[in-house]
Amino acid sequence: MSVLKLLGQRIALGIFSLFAVSVIVFLAVGMLPGDIAEAMLGQSATPETVAALRTQLGMDQMPLQRFISWFGQLLQGDLGVSLANQRPIADLISTRLGNTLLLAAFAAIVSVPIALTLGILTALYRNSWFDRVMNTMALSSVSFPEFFVAYLLILLFSIKLDWLPSMSNISPDSSISEILVSSILPVITLSLVVIAQMMRMTRAALINLLASPYIEMARLKGIRPARIIFHHALPNALAPIVNVVALNLAYLVVGVVVVEVVFVYPGLGQLLVDSVAKRDIPVVQVCCLIFAMTYISLNTLADVLAIASNPRLMHPRG
Amino acid sequence: MKKCLRCLCQAPLSAKIGILLIISYSFVAIFAPWLAPYGETEVVGDGYAAWSPEFWLGTDNLGRDVLSRLIYGARNTISIAFVTTILAFVVGGLAGLMAAIKGGWIDQGLSRVVDILMAIPQLIFALLILSVVGTNAVSLILVIALLDATRVFRLSRAVAMNVVVQDFVEAARLRGEGLVWLIWREVLPNTLPPLVAEFGLRFCFVFLFISALSFLGLGIQPPTADWGSMVRENAVMISFGDFTPLLPAMAVALLTIGVNFVVDWVLHKTSGLKG
Amino acid sequence: MSTEQEKHTDVLLEIRNLHLEGFSDEKWKPIVRGIDLTLHRGEVLGLIGESGAGKSTLGLAAMGYTKDGCRITQGSICFDGIDLINCSADELRQLHGLRIAYVAQSAAASFNPAHRLIDQHIETAIRNGGIKRQQAKAEAVELYRILGLPDPENIGQRYPHQLSGGQLQRAMTAMALACHPDLIIFDEPTTALDVTTQIDVLAAIRNAVSRFHTAAIYITHDLAVVAQMADRIMVLRYGQLAEEAPTRKMLKAPENPYTLSLWAVRCFKSEAKPRPTAEAPLLAIENISASYGKNPVLSDVSMQLFKGQTLAVIGESGSGKSTTARVITGLLQPDQGQVLFAGEVLPKDFRQRSKTQLQQIQMIYQHPDTALNPRQRINEIIGRPLEFYLGLKGAAKEQRIRELLSMIELDPEEFMYRRPSELSGGQKQRVCIARALAAEPELIICDEVTSALDQLVAEGILKLLKQVQEQLGVSYLFITHDVATVRAISDEVVIMQQGKVVDYGAREAIFKPPFKPYTDLLFSSEPQMDPDWLDTHLARQQAN
């Protein structure tokens with residue numbers, strides 16, 4: 001099995017997953033029980049409004065036909081129109097998507113280096129007091145609901161100390177520094193959970209490797225502990241670590257939803273939650289697709305990097 | 001039995017705390033009606049009353065007793081999370097074991113379906129489905145159980161794979177044993193320790209997940225007392241520097257920490273000196 | 001290769017009254033209990049013993065190293081005037097690789113998969129030895145040449161997974177020699193190799209060690225191997241010294257009863273029975289070809305087994321001997337050919353076979369640890385076939401379990417309700433035999449049943465199998481890689497190589513010259529207890 005073939009297969013699988021997800025997102029709406037049009041209109045439903053809405057949703061057409069036209073429009077960049085306020089969805093999400101990505105990127109930049117460093121250090125000094133304290137802390141912070149952390153931070157830094165804003169008032173004309181200041185608390189909230197997860201997984205992956213015979217061999221060759229970690233363990237831990245990072249970045253993108261709601265941060269997550277509450281299905285579909293797309297791309301990227309870092313695959317026999 | 005007790009005594013402090021937490025939460029959840037001073041949805045006073053001997057933790061936005069709702073919340077939130085996790089394990093676990101034992105196209109088919117389902121982030125998937133079917137306890141349990149079953153499937157299949165390749169399973173197959181015997185007598189008993197640990201982790205996840213959904217207003221619906229929605233309903237008070245609205249969130253955190261401590265210890269024990 | 005003491009006047013390593021403990025089941029248990037060991041410069045010391053004798057632990061301790069979960073409780077280790085127990089980690093690191101080197105059992109797992117061989121080879125020399133990269137590389141090529149690796153100039157550029165097992169083991173020996181150490185610890189370096197590969201690796205190691213006049217501790221469980229390699233032998237048992245003597249003396253006249261019993265193992269031999277003339281064969285394999293996916297593993301394999309007889313199938317890894325067993329049991333469906341049992345064609349897939357057909361063929365596996373369900377008790381394990389095939393229940397079942405346990409020489413009172421984890425390796429294998437016998441089969445397939453066991457235990461299992469055959473008239477298809485085992489118990493022998501049958505006949509005929517070429521290679525590669533065997537063998541190879 002050559003590397004290129006494997007890579008090709010993995011990328012093809014990613015693209016197929018994307019397609020499958022869009023089918024599911026579409027079908028979930030069409031196949032679930034209950035008449036959506038009626039449900040969406042609630043008590044104000046009259047036979048005329050229901051019929052009008054059904055036409056607008058295209059529910060009088062065959063499912064396959066509907067899917068083809070919906071998917072075709074998606075590919076052309078036409079995301080449809082919101083049911084709640086009749087505005088094009090593209091307009092609704094454009095600035096929000098940027099805000100969300102900014103928040104996630106900011107959190108990633110903070111958390112990845114910290115988490116990897118802590119993971120390597122705890123693996124290196126495993127079973128020391130440092131390791132134990134870090135582990136207990138990590139275990140605790142993955143146990144906290146995000147809204148708990150978020151409100152604790154608000155209580156402490158906005159209300160008691162009054163250092164930072166509790167709400168992220170970001171408008172398109174906010175300056176970079178304003179945006180940064182108002183996203184500090186959301187970023188800390190997001191990072192805390194992600195750092196803890198990533199650190200634990202990095203540590204586990206490294207410790208798993210440190211038990212292998214070639215690490216013992218390196219010790220018996222008189223190699224320094226630091227070099228054993230960096231030269232002998234890390235290159236082999238690359239695939240699992242890349243996976244850990246991708247998994248947690250993907251988690252970041254999704255974890256944004258709750259954090260955005262707490263801090264009233266104008267991002268995609270908040271839009272999604274609002275739309276679910278309003279049952280604005282077309283918006284929900286698009287938001288879900290965007291989140292799923294990011295998630296799938298990150299996972300595909302992780303696997304591609306893992307394949308590329310495996311010497312057995314990069315240097316085949318013979 | 002004695003061995004278990006001795007094992008418990010040797011457990012590290014964190015695990016002991018965890019076990020204590022789990023026991024006390026279960027106690028509160030089971031005996032909620034006898035422990036709570038007031039009814040679950042009973043309006044007993046003015047809104048946002050301060051802590052007092054009458055209402056130990058004050059009242060909420062509608063004037064209901066916070067302590068009583070906290071106690072009933074234990075019952076509602078924990079039981080829904082527990083039922084969901086069990087359902088996820090029955091469906092996902094059995095499917096995983098079957099895929100590992102049967103192999104072939106059953107395994108391939110199930111694995112591909114799970115791959116696709118897992119390609120969608122869980123929260124997003126849940127929001128998508130809940131936006132269509134609406135939120136009530138049953139749909140909540142079914143949706144989250146289904147999504148979680150995919151994770152359980154992956155793990156139980158992987159664990160079972162390690163058992164299935166062992167010779168005693170081959171011996172049982174060659175004897176002519178049926179699927180039920182293979183699952184029940186040969187494979188399941190040997191996959192139990194990691195699955196039990198995973199049950200703890202999945203429970204934590206489901207528990208946090210439901211709390212988050214409720215907090216977003218898309219989970220357990222009022223007037224049922226639930227820790228996530230209690231935070232949401234009273235969040236306004238936080239901006240006045242009041243910690244009371246965060247008590248339910250802390251209750252969630254404490255139970256999750258407790259379970260995590262115990263799981264960590266169990267995993268450490270079963271994996272030998274590795275950790 | 002001399003054993004005379006006056007040649008080794010200079011003591012290199014001295015271990016006195018060493019005690020080591022290991023942590024298992026929540027307790028510290030002794031592994032090494034009061035060992036004294038003296039090693040002179042340029043001397044090769046053989047450490048032998050069965051599993052659990054503490055030989056590997058002792059070997060590592062000679063480097064001042066203990067594995068995680070082990071600790072030294074008492075004694076002293078002195079290497080060339082340096083106290084290894086009390087010196088600092090940095091001082092130890094300066095010794096490791098430079099002056100004391102290590103060769104592990106599994107070279108495939110002990111090379112780092114992420115780096116080229118040459119980079120791993122020269123790492124210690126550059127890092128700790130202060131040698132220039134270019135010079136280190138040139139020396140590496142020279143060592144590769146001495147150890148007989150193909151293409152010594154370029155083989156270092158390869159990654160570990162690109163070499164075969166035998167090549168990796170030589171590369172690891174080369175790496176150990178890189179800094180011209182005073183002492184090398186060899187920990188079972190050829191145990192995982194096939195006999196025909198092992199012989200070349202043994203020769204290469206011996207040649208290199210004597211060329212650089214390196215002292216070595218050679219750890220193995222194989223007496224015949226150690227006889228070729230060591231000047232002096234120490235026999236360990238339960239972490240204590242059983243006997244110590246120069247190689248030739250020990251081989252000629254072992255004194256300790258335990259050593260004597262190890263020697264005696266090699267003498268077990270049963271009478272070969274002639275093939276019954278009138279009968280039809282119990283099992284007939286006719287022109288079987290099979291493959292895993294696209295890789296053919298068996299081509300045109302045929303053999304016959306008669307009632308009450310033992311057919312031994314011998315071959316090295318990849319010869320297709322275990323695949324043959326999988327075809328017979330129906331786990332692997334052949335592309336061509338058929339399997340006849342008592343004259344009737346067996347369905348290819350075991351799932352299509354009737355309960356009676358399944359009952360008639362039972363299996364015993366190589367690793368008794370994985371062949372018994374750890375969550376079931378012995379009475380459940382043996383009782384299940386009784387219930388499943390014979391419909392025995394209650395008191396009748398229990399009575400039969402007791403009979404079977406007595407037959408495999410385990411006390412029913414004591415073992416009936418135990419779990420597999422409370423049994424030793426040999427006892428587990430006996431339970432596996434009892435489980436097979438419980439089904440009252442006509443044929444038992446024994447797949448490397450003694451390979452994972454210590455020699456004394458293995459001999460007990462072979463004797464038991466033979467005894468059972470005499471009592472019950474059951475037939476065995478005995479799969480093994482070990483020539484000695486075949487010589488001990490077979491009635492007829494099949495020799496397989498790369499999926500083909502290359503030799504087939506009665507035991508007497510197979511072991512009598514003239515040999516077919518591969519048979520000759522296989523038999524002559526099996527190490528003998530004669531210390532001159534390797535020299536003789538190499539000389540003979542040269543002559544050819």
# chains A, B, ... in the order shown; residues from 1 in each chain; ligands from 1
call {"tool": "select_by_dssp", "arguments": {"residues": "region 16-105 of chain B", "states": "helix (DSSP H, G or I)", "output": "PyMOL selection string"}}
result
chain B and resi 16-30+32-35+66-102+104-105
call {"tool": "residues_around", "arguments": {"residues": "region 62-70 of chain C", "least_positions_apart": "6", "cutoff": "8 Å", "atoms": "only C-alpha atoms", "output": "PDB file with C-alpha atoms, in the first residue's frame"}}
result
ATOM      1  CA  LEU A 220      20.653   1.208  27.980  1.00  0.00           C
TER       2      LEU A 220
ATOM      3  CA  LEU B 273       1.936   0.191  36.697  1.00  0.00           C
TER       4      LEU B 273
ATOM      5  CA  LEU C  13      32.687  -7.598  36.663  1.00  0.00           C
ATOM      6  CA  ILE C  15      28.659  -9.273  41.696  1.00  0.00           C
ATOM      7  CA  LEU C  20      16.537  -8.189  43.655  1.00  0.00           C
ATOM      8  CA  GLU C  21      12.812  -7.849  44.156  1.00  0.00           C
ATOM      9  CA  GLY C  22       9.965  -7.271  41.733  1.00  0.00           C
ATOM     10  CA  PHE C  23       6.597  -5.688  42.430  1.00  0.00           C
ATOM     11  CA  SER C  24       3.628  -7.794  41.393  1.00  0.00           C
ATOM     12  CA  ILE C  77      27.874  -4.849  41.676  1.00  0.00           C
ATOM     13  CA  LEU C  84      27.320   0.414  39.888  1.00  0.00           C
ATOM     14  CA  ILE C  85      24.761   0.473  42.695  1.00  0.00           C
ATOM     15  CA  LEU C  92      26.006   5.130  34.736  1.00  0.00           C
ATOM     16  CA  HIS C  96      26.105   2.407  29.116  1.00  0.00           C
ATOM     17  CA  ILE C 100      28.680  -1.950  28.677  1.00  0.00           C
TER      18      ILE C 100
END
call {"tool": "interface_residues", "arguments": {"of": "chain C", "to": "chain A", "cutoff": "7 Å", "atoms": "only C-alpha atoms", "output": "list of chain:residue names"}}
result
C:Arg93, C:Gln94, C:His96, C:Gly97, C:Ala101, C:Tyr102, C:Ala109, C:Ser110, C:Phe111, C:Asn112, C:Pro113, C:Ala114, C:Thr124, C:His161, C:Gln162
call {"tool": "interface_residues", "arguments": {"of": "chain A", "to": "chain B", "cutoff": "7 Å", "atoms": "only C-alpha atoms", "output": "PyMOL selection string"}}
result
chain A and resi 17+20-21+28-29+32-33+36+139-140+143-145+148+155+159-160+276-277+279+284+288+292+295-296
call {"tool": "interface_residues", "arguments": {"of": "chain B", "to": "chain C", "cutoff": "9 Å", "atoms": "only C-alpha atoms", "output": "list in words"}}
result
Gln166, Asp167, Phe168, Val169, Glu170, Ala171, Arg173, Leu174, Arg175, Gly176, Glu177, Arg185, Glu186, Val187, Pro189, Asn190 and Leu273 of chain B
call {"tool": "residues_around", "arguments": {"residues": "Thr480 (chain C)", "least_positions_apart": "4", "cutoff": "8 Å", "atoms": "only C-alpha atoms", "output": "list in words"}}
result
Ala312, Val313, Ile314, Gly315, Asp447, Glu448, Val449, Ser451, Thr485 and Val486 of chain C
call {"tool": "closest_atom_pairs", "arguments": {"of": "region 128-226 of chain B", "to": "region 77-87 of chain B", "cutoff": "12 Å", "atoms": "only C-alpha atoms", "output": "Markdown table"}}
result
| residue | atom | partner | partner_atom | distance |
| --- | --- | --- | --- | --- |
| B:Asn136 | CA | B:Ile80 | CA | 11.4 |
| B:Ala137 | CA | B:Ile80 | CA | 7.8 |
| B:Val138 | CA | B:Ile80 | CA | 9.2 |
| B:Ser139 | CA | B:Thr84 | CA | 10.6 |
| B:Leu140 | CA | B:Thr84 | CA | 8.6 |
| B:Ile141 | CA | B:Thr84 | CA | 5.2 |
| B:Leu142 | CA | B:Thr84 | CA | 7.2 |
| B:Val143 | CA | B:Thr84 | CA | 9.0 |
| B:Ile144 | CA | B:Thr84 | CA | 6.8 |
| B:Ala145 | CA | B:Thr84 | CA | 5.1 |
| B:Leu146 | CA | B:Leu87 | CA | 8.2 |
| B:Leu147 | CA | B:Thr84 | CA | 10.3 |
| B:Asp148 | CA | B:Thr85 | CA | 7.7 |
| B:Ala149 | CA | B:Leu87 | CA | 7.9 |
| B:Thr150 | CA | B:Leu87 | CA | 11.7 |
| B:Arg151 | CA | B:Thr85 | CA | 11.2 |
| B:Val152 | CA | B:Thr85 | CA | 9.6 |
| B:Leu195 | CA | B:Ile86 | CA | 11.7 |
| B:Val196 | CA | B:Ile86 | CA | 11.2 |
| B:Glu198 | CA | B:Thr85 | CA | 10.4 |
| B:Phe199 | CA | B:Thr85 | CA | 7.3 |
| B:Gly200 | CA | B:Thr85 | CA | 9.1 |
| B:Leu201 | CA | B:Thr85 | CA | 9.9 |
| B:Arg202 | CA | B:Thr85 | CA | 6.7 |
| B:Phe203 | CA | B:Thr85 | CA | 5.7 |
| B:Cys204 | CA | B:Ala81 | CA | 8.5 |
| B:Phe205 | CA | B:Ala81 | CA | 9.0 |
| B:Val206 | CA | B:Ala81 | CA | 5.8 |
| B:Phe207 | CA | B:Ala81 | CA | 5.2 |
| B:Leu208 | CA | B:Ala81 | CA | 8.8 |
| B:Phe209 | CA | B:Ala81 | CA | 8.9 |
| B:Ile210 | CA | B:Ala81 | CA | 7.2 |
| B:Ser211 | CA | B:Thr77 | CA | 7.7 |
| B:Ala212 | CA | B:Thr77 | CA | 11.4 |
| B:Leu213 | CA | B:Thr77 | CA | 11.6 |
| B:Ser214 | CA | B:Thr77 | CA | 9.7 |
| B:Gly219 | CA | B:Thr77 | CA | 10.3 |
| B:Ile220 | CA | B:Thr77 | CA | 8.4 |
| B:Gln221 | CA | B:Thr77 | CA | 11.5 |
| B:Thr224 | CA | B:Thr77 | CA | 9.8 |
| B:Ala225 | CA | B:Thr77 | CA | 8.4 |
| B:Asp226 | CA | B:Thr77 | CA | 5.8 |
call {"tool": "atom_distance", "arguments": {"atom1": "CA of Ile445 (chain C)", "atom2": "CA of Leu477 (chain C)"}}
result
4.8 Å
call {"tool": "residues_around", "arguments": {"residues": "Ala204 (chain A)", "least_positions_apart": "4", "cutoff": "10 Å", "atoms": "only C-alpha atoms", "output": "PyMOL selection string"}}
result
(chain A and resi 119-120+122-123+198-200+208-210+240-241) or (chain B and resi 274-275)
call {"tool": "residues_around", "arguments": {"residues": "region 98-105 of chain A", "least_positions_apart": "5", "cutoff": "10 Å", "atoms": "only C-alpha atoms", "output": "PyMOL selection string"}}
result
chain A and resi 93+110-111+170-172+179-180+183-184+186-187+190-191+249-257+260+265-270
call {"tool": "residues_around", "arguments": {"residues": "Leu67 (chain B)", "least_positions_apart": "4", "cutoff": "9 Å", "atoms": "only C-alpha atoms", "output": "PDB file with N, CA and C atoms, in the first residue's frame"}}
result
ATOM      1  N   ALA B  36     -36.429  17.109  50.612  1.00  0.00           N
ATOM      2  CA  ALA B  36     -36.696  18.496  50.227  1.00  0.00           C
ATOM      3  C   ALA B  36     -37.718  19.109  51.176  1.00  0.00           C
ATOM      4  N   PRO B  37     -37.439  20.315  51.654  1.00  0.00           N
ATOM      5  CA  PRO B  37     -38.380  20.970  52.572  1.00  0.00           C
ATOM      6  C   PRO B  37     -39.666  21.394  51.869  1.00  0.00           C
ATOM      7  N   TYR B  38     -39.596  21.714  50.563  1.00  0.00           N
ATOM      8  CA  TYR B  38     -40.792  22.164  49.849  1.00  0.00           C
ATOM      9  C   TYR B  38     -40.962  21.342  48.586  1.00  0.00           C
ATOM     10  N   PHE B  55     -35.785  29.729  54.027  1.00  0.00           N
ATOM     11  CA  PHE B  55     -35.293  29.216  52.735  1.00  0.00           C
ATOM     12  C   PHE B  55     -33.769  29.248  52.784  1.00  0.00           C
ATOM     13  N   TRP B  56     -33.197  28.095  53.094  1.00  0.00           N
ATOM     14  CA  TRP B  56     -31.750  28.038  53.355  1.00  0.00           C
ATOM     15  C   TRP B  56     -30.926  28.646  52.236  1.00  0.00           C
ATOM     16  N   LEU B  57     -31.352  28.389  51.009  1.00  0.00           N
ATOM     17  CA  LEU B  57     -30.575  28.920  49.878  1.00  0.00           C
ATOM     18  C   LEU B  57     -31.366  29.983  49.118  1.00  0.00           C
ATOM     19  N   GLY B  58     -32.393  30.511  49.751  1.00  0.00           N
ATOM     20  CA  GLY B  58     -33.166  31.556  49.117  1.00  0.00           C
ATOM     21  C   GLY B  58     -34.183  30.996  48.150  1.00  0.00           C
ATOM     22  N   THR B  59     -34.804  31.885  47.349  1.00  0.00           N
ATOM     23  CA  THR B  59     -35.781  31.447  46.347  1.00  0.00           C
ATOM     24  C   THR B  59     -35.323  31.895  44.973  1.00  0.00           C
ATOM     25  N   ILE B  71     -32.453  19.723  45.203  1.00  0.00           N
ATOM     26  CA  ILE B  71     -32.581  18.307  45.585  1.00  0.00           C
ATOM     27  C   ILE B  71     -33.368  17.539  44.521  1.00  0.00           C
ATOM     28  N   TYR B  72     -34.472  18.123  44.067  1.00  0.00           N
ATOM     29  CA  TYR B  72     -35.230  17.450  43.007  1.00  0.00           C
ATOM     30  C   TYR B  72     -34.429  17.395  41.703  1.00  0.00           C
TER      31      TYR B  72
END
call {"tool": "residues_around", "arguments": {"residues": "Ser475 (chain C)", "least_positions_apart": "4", "cutoff": "6 Å", "atoms": "only C-alpha atoms", "output": "PDB file with all heavy atoms, in the first residue's frame"}}
result
ATOM      1  N   LYS C 307      -5.639 -43.953  12.476  1.00  0.00           N
ATOM      2  CA  LYS C 307      -6.163 -44.006  13.837  1.00  0.00           C
ATOM      3  C   LYS C 307      -5.078 -44.417  14.837  1.00  0.00           C
ATOM      4  O   LYS C 307      -4.293 -45.318  14.591  1.00  0.00           O
ATOM      5  CB  LYS C 307      -7.314 -45.018  13.882  1.00  0.00           C
ATOM      6  CG  LYS C 307      -8.077 -44.954  15.187  1.00  0.00           C
ATOM      7  CD  LYS C 307      -9.394 -45.697  15.114  1.00  0.00           C
ATOM      8  CE  LYS C 307      -9.977 -45.893  16.504  1.00  0.00           C
ATOM      9  NZ  LYS C 307      -9.957 -44.674  17.319  1.00  0.00           N
ATOM     10  N   GLY C 308      -5.035 -43.669  15.958  1.00  0.00           N
ATOM     11  CA  GLY C 308      -4.099 -44.010  17.025  1.00  0.00           C
ATOM     12  C   GLY C 308      -2.663 -43.601  16.735  1.00  0.00           C
ATOM     13  O   GLY C 308      -1.756 -43.968  17.473  1.00  0.00           O
ATOM     14  N   GLN C 309      -2.446 -42.860  15.661  1.00  0.00           N
ATOM     15  CA  GLN C 309      -1.084 -42.487  15.291  1.00  0.00           C
ATOM     16  C   GLN C 309      -0.822 -40.995  15.519  1.00  0.00           C
ATOM     17  O   GLN C 309      -1.745 -40.209  15.709  1.00  0.00           O
ATOM     18  CB  GLN C 309      -0.869 -42.805  13.813  1.00  0.00           C
ATOM     19  CG  GLN C 309      -0.908 -44.285  13.518  1.00  0.00           C
ATOM     20  CD  GLN C 309       0.304 -44.730  12.749  1.00  0.00           C
ATOM     21  OE1 GLN C 309       0.696 -44.092  11.779  1.00  0.00           O
ATOM     22  NE2 GLN C 309       0.911 -45.814  13.171  1.00  0.00           N
ATOM     23  N   THR C 310       0.461 -40.648  15.484  1.00  0.00           N
ATOM     24  CA  THR C 310       0.843 -39.245  15.588  1.00  0.00           C
ATOM     25  C   THR C 310       1.548 -38.820  14.306  1.00  0.00           C
ATOM     26  O   THR C 310       2.569 -39.402  13.941  1.00  0.00           O
ATOM     27  CB  THR C 310       1.801 -39.023  16.772  1.00  0.00           C
ATOM     28  OG1 THR C 310       1.172 -39.483  17.959  1.00  0.00           O
ATOM     29  CG2 THR C 310       2.149 -37.554  16.913  1.00  0.00           C
ATOM     30  N   LEU C 443      -9.615 -37.140  16.796  1.00  0.00           N
ATOM     31  CA  LEU C 443      -8.373 -36.478  16.387  1.00  0.00           C
ATOM     32  C   LEU C 443      -8.161 -35.225  17.227  1.00  0.00           C
ATOM     33  O   LEU C 443      -9.097 -34.448  17.441  1.00  0.00           O
ATOM     34  CB  LEU C 443      -8.468 -36.090  14.895  1.00  0.00           C
ATOM     35  CG  LEU C 443      -7.443 -35.097  14.369  1.00  0.00           C
ATOM     36  CD1 LEU C 443      -6.049 -35.704  14.361  1.00  0.00           C
ATOM     37  CD2 LEU C 443      -7.810 -34.636  12.971  1.00  0.00           C
TER      38      LEU C 443
END
call {"tool": "select_by_dssp", "arguments": {"residues": "region 157-299 of chain C", "states": "strand (DSSP E or B)", "output": "number ranges by chain"}}
result
C: 183-187, 215-220, 232-237, 240-246, 283-292, 295-299
